[in-house]
Amino acid sequence: MSKTIIISNRLPVKVNQIEHGFQFTSSEGGLATGLGSMHSADDTIWIGWPGIAVKNKEDEANITSFLDKRRLVPVFLSEEDINEYYEGFSNDIIWPIFHYYASVHANYKQSNWEYYKSVNQKFLDVVTRVAGPDDTIWVHDYQLLLLPGLLRSALPGSTIGFFQHIPFPSFELFRLIPWRSELIAGMLGADLLGFHTFNDVRHFLDAATQLAPVNTSANSLTYEGRMVLAESFPMGIDNRRYLDLAKSDVVKQHVAEVKAVHTNKRRLILSIDRLDYSKGILQRLQAFELLLESNPEYVGEVALHMIVVPSRDTVPQYRDLKELIDRRVGEINAKYRTINWTPVYYFYRPFPIEELSALYLSADICMVTPMRDGMNLVSKEYVASRVNQDGVLILSEMAGAAKELVDAILVNPSNIASMRDAIVTGLTMPKAEQKRRMVLMQRVVAKFTVAHWMKLFMSRLAEVKQMQTSLSTRHITDITAKAIRKVYHKSRKRIIFLDYDGTLVGFNPEISAAVPDEELYRILQRLCNDPINKIVLISGRSHADIEEWFGHLNLELIAEHGAWQKTDGIWHSAPGISDHWKSDIRPLMETYADRTPGAFVEEKDYSLVWHYRKVETGLGELRTSELMNNLRYLTNDRGLQLLAGNKVVEIKSIEINKGKAAAAKLKHDDYDFIMAFGDDHTDEDIFKTLPDDSITVKVGSNISAARFYLRDPEKVRALLQDVAIPISEEQFQL
């Protein structure tokens, strides 16, 4: 029976050493809460670190036995693992860079990286002990970026999802990590990569195209012959839980206690964060102090109820941050406190969920203003708790939740004055406007729940796997190759169409460097030596290049997509083709080439080609899009065609295409074996033109009209060599 395996850095329970053994308590973390309902199913297990460095095998056995009853599987880490992998690489390198604090907090240590690799390997060892071939594996977050790739190598057929719960930075920041390529390769082991926002998806795709040998189309990547999808899945909360809490008697009692403290209709602002420099706690205090300073009418009338949950306060920068918060709170209270009013109620401890619910219900304003955050579920919890449909949410535009809760008051947390103004707006907002905004936000929170998030991700993962399977069934396997070879040797009249660039030779940034090698000449010569073969090389290259490289072989040669054909040793251009249009088109293309370092224009006899294979990724695509938009106006009504290929855009007569050239070749003989290979859009014309029983092969993994796929030119060469090997009569009987 197949099962789902959840993998995260921490298990959803906390294990603490006590005098006579261990204490086990449930974790209240966002991931533990969010995935709790999934883990409650009998077909799900959860793998992670139990949160404690265990000293001996006996303790490991006791902890494992307790966790096993709850379908939890521990990964035991040493003190050195925790210091180097978790505190070191995860929190001193990845966390600050992914939250845009690279110059302040990132600390690159080789030992951290070595431990990060070894701990990801430890997770792999545990997974491979419990995973079956049909299991679905869901890896979570930045501590395990290498694990999907390790799993793909160890369990190549597995269904693997990955979700990142923190932001993914722009490439300019991500590239600062010395081991950035290895991290991207690890992530690409997954079938589906999930992020909270489309910005994170875009940043990941940018990094992947810069650092890995991938082909991209929209949010789909092809890596090592396998399709990988990157999509946004904004995480939600258990909306019903917070609604029920708000109506419970225990929460109502806590609400009464809060109101007893804040008498005389005093307005309450709520702030809840984990201790971290990315949460914008100091900036929020500055905004509140500025409010009291510039708007004295609120002195005594407004209080900030600030909860900071302890986190890593033994680490120097976190300890320093806590000292700054303590000092700033003390300064504000010392300056503005009165006998019966305290400006800032500051709590440095976690609160039970019932007390948090009471605070959500009591607060007139909730300020969620991180400097950078993946999602931030506090904002959604506040919205879900407002059963009276009032209250004001002030939300940082840097939080992932801001992409959904657009009816909050959105602020830039670096702009202290604007945050002060947002507080004033919230305090003066009419009840009708509060309700209008809150109703809209509650609809979003109620629809996009954590259950919806899980269902959406898992269903999409299944779809991706199905698409991969569909593509893989069309890849030429050893069995398919043997069948093709059998048909090949039974036939009596064969024609084989071969594209050149990307099909017989690999992609090369220097177009002049993609020259034939001795192996290719041997393969073509062997095919040509068979008298019943007609081998047609049909390329977009100029006829001068094709003649120089292949003129000495007994090949049928077609150049410039069919504009030139070699017949009886003489090159002929297709009739009725004009090149007068070039004088109008070339200046525009040259202008764009002058504006784009690395781009150039190649002129063929009957076409112009814009090359951007040497242009910086992103810039090339941008310039090409601009160029094509302009060219469409110049090519309309001229009988010209724009062809977008692999890092090229070509303009030629619409009457010229490989399909027509191939069809013309078929008219001269009755072939019982027709085969064609190609890798880009121009070859699709051939695939669509040939009879349905032809063997058409797409090189690469883009969607195609071809019947079969091969991964790369090396596979094409191997197949051509294989079919040309003589086959004995005995083999026909197999």
# chains A, B, ... in the order shown; residues from 1 in each chain; ligands from 1

call {"tool": "residues_around", "arguments": {"residues": "Gln434 in chain A", "least_positions_apart": "5", "cutoff": "9 Å", "atoms": "only C-alpha atoms", "output": "short mmCIF file (atom, residue, chain, number, x, y, z; two decimals) with N, CA, C and O atoms, in the first residue's frame"}}
result
data_model
loop_
_atom_site.label_atom_id
_atom_site.label_comp_id
_atom_site.auth_asym_id
_atom_site.auth_seq_id
_atom_site.Cartn_x
_atom_site.Cartn_y
_atom_site.Cartn_z
N GLN A 389 -16.58 40.97 12.46
CA GLN A 389 -16.23 41.57 11.17
C GLN A 389 -15.83 43.04 11.31
O GLN A 389 -16.17 43.88 10.48
N ASP A 390 -15.07 43.32 12.37
CA ASP A 390 -14.48 44.64 12.52
C ASP A 390 -12.99 44.46 12.77
O ASP A 390 -12.46 43.34 12.71
N GLY A 391 -12.30 45.55 13.07
CA GLY A 391 -10.86 45.49 13.27
C GLY A 391 -10.11 45.87 12.01
O GLY A 391 -10.65 45.85 10.90
N VAL A 392 -8.82 46.24 12.20
CA VAL A 392 -7.99 46.71 11.09
C VAL A 392 -6.69 45.91 11.08
O VAL A 392 -6.04 45.75 12.12
N GLY A 426 -5.98 53.44 10.75
CA GLY A 426 -6.69 52.35 11.40
C GLY A 426 -7.51 52.81 12.59
O GLY A 426 -8.65 52.36 12.79
N MET A 429 -10.62 54.73 11.24
CA MET A 429 -11.42 54.11 10.18
C MET A 429 -12.84 53.84 10.67
O MET A 429 -13.04 53.22 11.72
N VAL A 439 -14.68 41.70 5.66
CA VAL A 439 -15.50 40.69 4.97
C VAL A 439 -14.75 40.14 3.75
O VAL A 439 -14.73 38.92 3.51
#

call {"tool": "select_by_dssp", "arguments": {"residues": "range 345-561 of chain A", "states": "alpha helix (DSSP H)", "output": "count of residues only"}}
result
104

call {"tool": "residues_around", "arguments": {"residues": "Asn215 in chain A", "least_positions_apart": "6", "cutoff": "10 Å", "atoms": "only C-alpha atoms", "output": "MDAnalysis selection string"}}
result
chainID A and resid 208:209 221:225 227 646 700:702

call {"tool": "residues_around", "arguments": {"residues": "Tyr709 in chain A", "least_positions_apart": "5", "cutoff": "10 Å", "atoms": "only C-alpha atoms", "output": "list in words"}}
result
Gly225, Leu471, Ser472, Thr473, Arg474, His475, Ile476, Thr477, Phe677, Gly678, Asp679, Thr696, Val697, Lys698, Val699, Gly700, Ser701, Asn702, Ile703, Ser704, Lys715 and Val716 of chain A

call {"tool": "write_last_selection", "arguments": {"atoms": "all heavy atoms", "output": "compact mmCIF listing (two decimals), in the first residue's frame"}}
result
# COMPACT_ATOMS: atom_id res chain seq x y z
N GLY A 225 16.49 15.65 -18.65
CA GLY A 225 15.48 14.92 -19.40
C GLY A 225 14.16 14.75 -18.67
O GLY A 225 13.28 14.03 -19.16
N LEU A 471 5.10 11.67 -21.06
CA LEU A 471 6.27 11.97 -21.89
C LEU A 471 7.23 10.80 -21.93
O LEU A 471 7.79 10.47 -22.98
CB LEU A 471 6.98 13.21 -21.36
CG LEU A 471 6.29 14.56 -21.60
CD1 LEU A 471 7.03 15.68 -20.87
CD2 LEU A 471 6.21 14.87 -23.09
N SER A 472 7.42 10.15 -20.77
CA SER A 472 8.41 9.07 -20.71
C SER A 472 7.98 7.87 -21.53
O SER A 472 8.83 7.14 -22.07
CB SER A 472 8.65 8.65 -19.26
OG SER A 472 7.50 8.07 -18.70
N THR A 473 6.67 7.63 -21.65
CA THR A 473 6.21 6.50 -22.45
C THR A 473 6.52 6.73 -23.93
O THR A 473 6.56 5.77 -24.71
CB THR A 473 4.70 6.27 -22.29
OG1 THR A 473 4.00 7.48 -22.63
CG2 THR A 473 4.36 5.87 -20.87
N ARG A 474 6.75 7.98 -24.31
CA ARG A 474 7.10 8.28 -25.71
C ARG A 474 8.60 8.38 -25.91
O ARG A 474 9.06 8.58 -27.04
CB ARG A 474 6.41 9.58 -26.13
CG ARG A 474 4.89 9.47 -26.17
CD ARG A 474 4.22 10.81 -26.32
NE ARG A 474 4.56 11.48 -27.56
CZ ARG A 474 4.20 12.73 -27.86
NH1 ARG A 474 3.48 13.42 -26.98
NH2 ARG A 474 4.55 13.28 -29.00
N HIS A 475 9.37 8.28 -24.84
CA HIS A 475 10.82 8.26 -25.00
C HIS A 475 11.24 6.90 -25.57
O HIS A 475 10.69 5.86 -25.19
CB HIS A 475 11.53 8.51 -23.68
CG HIS A 475 11.72 9.97 -23.38
ND1 HIS A 475 10.68 10.77 -22.96
CD2 HIS A 475 12.81 10.77 -23.47
CE1 HIS A 475 11.13 12.00 -22.78
NE2 HIS A 475 12.41 12.03 -23.10
N ILE A 476 12.21 6.92 -26.42
CA ILE A 476 12.67 5.69 -27.06
C ILE A 476 13.51 4.90 -26.06
O ILE A 476 14.61 5.32 -25.68
CB ILE A 476 13.46 5.99 -28.34
CG1 ILE A 476 12.53 6.64 -29.37
CG2 ILE A 476 14.09 4.73 -28.90
CD1 ILE A 476 13.20 7.01 -30.67
N THR A 477 12.99 3.78 -25.62
CA THR A 477 13.70 2.89 -24.71
C THR A 477 14.46 1.84 -25.52
O THR A 477 14.39 1.81 -26.76
CB THR A 477 12.71 2.20 -23.77
OG1 THR A 477 11.81 1.40 -24.57
CG2 THR A 477 11.89 3.24 -22.98
N PHE A 677 14.26 13.35 -37.54
CA PHE A 677 14.73 13.83 -36.25
C PHE A 677 14.81 15.36 -36.28
O PHE A 677 15.26 15.93 -37.27
CB PHE A 677 16.14 13.30 -35.94
CG PHE A 677 16.23 11.81 -35.79
CD1 PHE A 677 16.34 10.99 -36.90
CD2 PHE A 677 16.25 11.22 -34.53
CE1 PHE A 677 16.46 9.62 -36.77
CE2 PHE A 677 16.35 9.85 -34.39
CZ PHE A 677 16.45 9.04 -35.51
N GLY A 678 14.41 16.01 -35.19
CA GLY A 678 14.54 17.46 -35.10
C GLY A 678 14.36 17.93 -33.67
O GLY A 678 13.83 17.21 -32.82
N ASP A 679 14.81 19.17 -33.38
CA ASP A 679 14.79 19.63 -31.99
C ASP A 679 14.03 20.93 -31.76
O ASP A 679 13.82 21.32 -30.60
CB ASP A 679 16.23 19.80 -31.48
CG ASP A 679 16.89 21.05 -32.04
OD1 ASP A 679 16.92 21.21 -33.28
OD2 ASP A 679 17.35 21.90 -31.25
N THR A 696 8.83 9.67 -36.18
CA THR A 696 9.27 11.05 -35.97
C THR A 696 9.77 11.21 -34.55
O THR A 696 9.12 10.75 -33.59
CB THR A 696 8.12 12.03 -36.25
OG1 THR A 696 6.96 11.63 -35.51
CG2 THR A 696 7.77 12.04 -37.73
N VAL A 697 10.92 11.86 -34.38
CA VAL A 697 11.61 11.89 -33.09
C VAL A 697 11.96 13.33 -32.72
O VAL A 697 12.70 14.00 -33.46
CB VAL A 697 12.89 11.03 -33.11
CG1 VAL A 697 13.53 11.01 -31.72
CG2 VAL A 697 12.59 9.61 -33.59
N LYS A 698 11.45 13.78 -31.60
CA LYS A 698 11.78 15.09 -31.05
C LYS A 698 12.98 14.94 -30.12
O LYS A 698 12.99 14.09 -29.22
CB LYS A 698 10.59 15.66 -30.27
CG LYS A 698 10.85 17.00 -29.61
CD LYS A 698 10.82 18.13 -30.61
CE LYS A 698 10.81 19.49 -29.92
NZ LYS A 698 10.65 20.59 -30.87
N VAL A 699 13.99 15.80 -30.31
CA VAL A 699 15.17 15.79 -29.45
C VAL A 699 14.96 16.85 -28.37
O VAL A 699 14.80 18.03 -28.66
CB VAL A 699 16.45 16.06 -30.25
CG1 VAL A 699 17.67 15.95 -29.34
CG2 VAL A 699 16.55 15.09 -31.42
N GLY A 700 14.93 16.42 -27.11
CA GLY A 700 14.58 17.31 -26.01
C GLY A 700 13.24 16.90 -25.44
O GLY A 700 12.73 15.82 -25.73
N SER A 701 12.66 17.78 -24.61
CA SER A 701 11.42 17.41 -23.92
C SER A 701 10.28 18.40 -24.12
O SER A 701 9.31 18.38 -23.38
CB SER A 701 11.69 17.24 -22.42
OG SER A 701 12.59 16.19 -22.19
N ASN A 702 10.41 19.30 -25.08
CA ASN A 702 9.31 20.23 -25.31
C ASN A 702 8.15 19.51 -26.01
O ASN A 702 8.35 18.52 -26.71
CB ASN A 702 9.78 21.41 -26.18
CG ASN A 702 10.75 22.29 -25.43
OD1 ASN A 702 10.66 22.44 -24.22
ND2 ASN A 702 11.70 22.87 -26.14
N ILE A 703 6.95 20.02 -25.80
CA ILE A 703 5.76 19.41 -26.41
C ILE A 703 5.91 19.41 -27.93
O ILE A 703 6.33 20.41 -28.52
CB ILE A 703 4.49 20.19 -26.00
CG1 ILE A 703 4.34 20.17 -24.48
CG2 ILE A 703 3.26 19.60 -26.66
CD1 ILE A 703 4.22 18.80 -23.88
N SER A 704 5.57 18.29 -28.55
CA SER A 704 5.85 18.14 -29.98
C SER A 704 4.80 17.27 -30.65
O SER A 704 4.11 16.46 -30.02
CB SER A 704 7.24 17.50 -30.16
OG SER A 704 7.48 17.18 -31.51
N LYS A 715 21.99 10.63 -27.76
CA LYS A 715 21.01 9.54 -27.91
C LYS A 715 20.62 9.35 -29.38
O LYS A 715 20.38 8.22 -29.83
CB LYS A 715 19.76 9.85 -27.09
CG LYS A 715 20.00 9.94 -25.58
CD LYS A 715 20.36 8.60 -24.98
CE LYS A 715 20.48 8.70 -23.47
NZ LYS A 715 20.92 7.40 -22.87
N VAL A 716 20.56 10.45 -30.14
CA VAL A 716 20.25 10.36 -31.57
C VAL A 716 21.34 9.56 -32.28
O VAL A 716 21.07 8.64 -33.06
CB VAL A 716 20.12 11.77 -32.19
CG1 VAL A 716 19.96 11.67 -33.71
CG2 VAL A 716 18.95 12.52 -31.58

call {"tool": "residues_around", "arguments": {"residues": "Ser220 in chain A", "least_positions_apart": "4", "cutoff": "9 Å", "atoms": "only C-alpha atoms", "output": "list of chain:residue names"}}
result
A:Leu205, A:Asn215, A:Thr216, A:Met227, A:Val228, A:Leu229, A:Ala230, A:Glu231

call {"tool": "residues_around", "arguments": {"residues": "Thr624 in chain A", "least_positions_apart": "3", "cutoff": "9 Å", "atoms": "only C-alpha atoms", "output": "JSON, numbers by chain"}}
result
{"A": [592, 610, 612, 619, 620, 621, 627, 628, 629, 648, 649]}

call {"tool": "write_last_selection", "arguments": {"atoms": "N, CA, C and O atoms", "output": "compact mmCIF listing (two decimals), in the first residue's frame"}}
result
# COMPACT_ATOMS: atom_id res chain seq x y z
N TYR A 592 18.97 46.59 -32.50
CA TYR A 592 18.80 45.81 -31.27
C TYR A 592 20.08 45.06 -30.92
O TYR A 592 20.39 44.87 -29.73
N TRP A 610 18.51 36.61 -35.84
CA TRP A 610 18.94 37.31 -34.62
C TRP A 610 19.38 36.25 -33.61
O TRP A 610 18.62 35.39 -33.21
N TYR A 612 20.97 35.32 -29.83
CA TYR A 612 21.22 35.88 -28.50
C TYR A 612 21.70 34.81 -27.52
O TYR A 612 21.54 34.92 -26.31
N LEU A 619 18.05 39.36 -20.13
CA LEU A 619 18.19 40.47 -21.07
C LEU A 619 17.93 39.99 -22.49
O LEU A 619 17.25 40.67 -23.27
N GLY A 620 18.45 38.80 -22.83
CA GLY A 620 18.24 38.27 -24.18
C GLY A 620 16.76 38.07 -24.48
O GLY A 620 16.27 38.44 -25.55
N GLU A 621 16.04 37.51 -23.51
CA GLU A 621 14.61 37.27 -23.70
C GLU A 621 13.84 38.59 -23.79
O GLU A 621 12.89 38.73 -24.57
N LEU A 627 12.06 43.04 -29.87
CA LEU A 627 12.37 42.95 -31.30
C LEU A 627 11.23 42.30 -32.08
O LEU A 627 10.81 42.81 -33.13
N MET A 628 10.70 41.20 -31.56
CA MET A 628 9.63 40.50 -32.28
C MET A 628 8.37 41.35 -32.37
O MET A 628 7.67 41.33 -33.39
N ASN A 629 8.07 42.10 -31.31
CA ASN A 629 6.91 42.99 -31.37
C ASN A 629 7.05 44.03 -32.47
O ASN A 629 6.09 44.36 -33.18
N VAL A 648 17.43 31.92 -30.87
CA VAL A 648 17.47 32.61 -32.17
C VAL A 648 16.06 33.03 -32.56
O VAL A 648 15.07 32.45 -32.11
N VAL A 649 16.00 34.06 -33.39
CA VAL A 649 14.77 34.43 -34.08
C VAL A 649 15.13 34.60 -35.55
O VAL A 649 16.06 35.35 -35.89

call {"tool": "residues_around", "arguments": {"residues": "range 232-236 of chain A", "least_positions_apart": "6", "cutoff": "7 Å", "atoms": "only C-alpha atoms", "output": "PDB file with N, CA, C and O atoms, in the first residue's frame"}}
result
ATOM      1  N   GLY A 194       7.140  24.068  -4.723  1.00  0.00           N
ATOM      2  CA  GLY A 194       6.106  24.998  -4.294  1.00  0.00           C
ATOM      3  C   GLY A 194       6.679  26.162  -3.505  1.00  0.00           C
ATOM      4  O   GLY A 194       7.611  25.999  -2.712  1.00  0.00           O
ATOM      5  N   PHE A 195       6.119  27.352  -3.754  1.00  0.00           N
ATOM      6  CA  PHE A 195       6.501  28.571  -3.047  1.00  0.00           C
ATOM      7  C   PHE A 195       5.223  29.312  -2.669  1.00  0.00           C
ATOM      8  O   PHE A 195       4.162  29.063  -3.225  1.00  0.00           O
ATOM      9  N   HIS A 196       5.345  30.270  -1.734  1.00  0.00           N
ATOM     10  CA  HIS A 196       4.162  31.003  -1.298  1.00  0.00           C
ATOM     11  C   HIS A 196       3.662  31.995  -2.345  1.00  0.00           C
ATOM     12  O   HIS A 196       2.463  32.220  -2.473  1.00  0.00           O
ATOM     13  N   THR A 197       4.580  32.634  -3.083  1.00  0.00           N
ATOM     14  CA  THR A 197       4.180  33.692  -4.008  1.00  0.00           C
ATOM     15  C   THR A 197       4.801  33.479  -5.381  1.00  0.00           C
ATOM     16  O   THR A 197       5.814  32.779  -5.528  1.00  0.00           O
ATOM     17  N   PHE A 198       4.222  34.147  -6.371  1.00  0.00           N
ATOM     18  CA  PHE A 198       4.759  34.060  -7.725  1.00  0.00           C
ATOM     19  C   PHE A 198       6.125  34.734  -7.818  1.00  0.00           C
ATOM     20  O   PHE A 198       6.974  34.323  -8.617  1.00  0.00           O
ATOM     21  N   VAL A 201       8.584  32.142  -7.093  1.00  0.00           N
ATOM     22  CA  VAL A 201       8.697  31.250  -8.252  1.00  0.00           C
ATOM     23  C   VAL A 201       9.598  31.887  -9.305  1.00  0.00           C
ATOM     24  O   VAL A 201      10.504  31.244  -9.857  1.00  0.00           O
ATOM     25  N   VAL A 445      -9.505  34.107   3.389  1.00  0.00           N
ATOM     26  CA  VAL A 445      -8.980  33.197   4.411  1.00  0.00           C
ATOM     27  C   VAL A 445      -9.838  31.936   4.519  1.00  0.00           C
ATOM     28  O   VAL A 445      -9.319  30.829   4.709  1.00  0.00           O
ATOM     29  N   PHE A 448      -9.039  29.836   1.043  1.00  0.00           N
ATOM     30  CA  PHE A 448      -7.685  29.303   0.865  1.00  0.00           C
ATOM     31  C   PHE A 448      -7.134  28.842   2.213  1.00  0.00           C
ATOM     32  O   PHE A 448      -6.210  29.432   2.765  1.00  0.00           O
ATOM     33  N   THR A 449      -7.710  27.770   2.714  1.00  0.00           N
ATOM     34  CA  THR A 449      -7.329  27.224   4.012  1.00  0.00           C
ATOM     35  C   THR A 449      -6.097  26.331   3.869  1.00  0.00           C
ATOM     36  O   THR A 449      -5.646  26.035   2.761  1.00  0.00           O
ATOM     37  N   VAL A 450      -5.591  25.857   4.996  1.00  0.00           N
ATOM     38  CA  VAL A 450      -4.449  24.956   4.946  1.00  0.00           C
ATOM     39  C   VAL A 450      -4.839  23.634   4.282  1.00  0.00           C
ATOM     40  O   VAL A 450      -4.025  23.012   3.576  1.00  0.00           O
ATOM     41  N   TRP A 453      -4.684  24.257   0.652  1.00  0.00           N
ATOM     42  CA  TRP A 453      -3.265  24.316   0.265  1.00  0.00           C
ATOM     43  C   TRP A 453      -2.701  22.909   0.065  1.00  0.00           C
ATOM     44  O   TRP A 453      -2.045  22.630  -0.951  1.00  0.00           O
ATOM     45  N   PHE A 457      -1.630  21.295  -3.598  1.00  0.00           N
ATOM     46  CA  PHE A 457      -0.249  20.880  -3.867  1.00  0.00           C
ATOM     47  C   PHE A 457      -0.190  19.407  -4.259  1.00  0.00           C
ATOM     48  O   PHE A 457       0.453  19.043  -5.250  1.00  0.00           O
TER      49      PHE A 457
END

call {"tool": "atom_distance", "arguments": {"atom1": "CA of Ala207 in chain A", "atom2": "CA of Leu188 in chain A"}}
result
11.4 Å

call {"tool": "atom_distance", "arguments": {"atom1": "CA of Arg437 in chain A", "atom2": "CA of Val309 in chain A"}}
result
28.8 Å

call {"tool": "select_by_dssp", "arguments": {"residues": "range 344-431 of chain A", "states": "strand (DSSP E or B)", "output": "MDAnalysis selection string"}}
result
chainID A and resid 344:347 365:368 373 392:396 399 409:411

call {"tool": "write_last_selection", "arguments": {"atoms": "C-alpha atoms", "output": "mmCIF file, in the first residue's frame"}}
result
data_model
loop_
_atom_site.group_PDB
_atom_site.id
_atom_site.type_symbol
_atom_site.label_atom_id
_atom_site.label_comp_id
_atom_site.auth_asym_id
_atom_site.auth_seq_id
_atom_site.Cartn_x
_atom_site.Cartn_y
_atom_site.Cartn_z
ATOM 1 C CA VAL A 344 3.801 49.071 25.533
ATOM 2 C CA TYR A 345 2.788 45.798 27.147
ATOM 3 C CA TYR A 346 5.803 43.635 26.272
ATOM 4 C CA PHE A 347 5.837 39.843 26.721
ATOM 5 C CA ILE A 365 -5.536 46.846 15.129
ATOM 6 C CA CYS A 366 -3.156 43.987 14.355
ATOM 7 C CA MET A 367 0.240 45.072 13.029
ATOM 8 C CA VAL A 368 2.048 42.426 10.952
ATOM 9 C CA ASP A 373 8.451 37.009 5.245
ATOM 10 C CA VAL A 392 -7.994 46.709 11.090
ATOM 11 C CA LEU A 393 -5.057 44.707 9.719
ATOM 12 C CA ILE A 394 -1.873 46.670 8.969
ATOM 13 C CA LEU A 395 0.239 44.373 6.813
ATOM 14 C CA SER A 396 3.736 44.640 5.365
ATOM 15 C CA ALA A 399 4.946 39.463 3.569
ATOM 16 C CA ILE A 409 -3.630 48.582 5.006
ATOM 17 C CA LEU A 410 -0.412 47.710 3.189
ATOM 18 C CA VAL A 411 2.795 49.426 4.300
#

call {"tool": "closest_residue", "arguments": {"among": "A:Lys658, A:Met1, A:His489, A:Ser542", "to": "Gly132 in chain A", "atoms": "only C-alpha atoms"}}
result
A:Met1

call {"tool": "closest_residue", "arguments": {"among": "A:Thr369, A:Ser362, A:Ser111, A:Ser512", "to": "Leu285 in chain A", "atoms": "only C-alpha atoms"}}
result
A:Thr369

call {"tool": "closest_residue", "arguments": {"among": "A:Val505, A:Ala705, A:Leu183, A:Val464", "to": "His681 in chain A", "atoms": "only C-alpha atoms"}}
result
A:Ala705

call {"tool": "atom_distance", "arguments": {"atom1": "CA of Ile63 in chain A", "atom2": "CA of Asn120 in chain A"}}
result
20.9 Å

call {"tool": "closest_residue", "arguments": {"among": "A:Asp545, A:Asp637, A:Asp672, A:Glu404", "to": "Leu377 in chain A", "atoms": "only C-alpha atoms"}}
result
A:Glu404
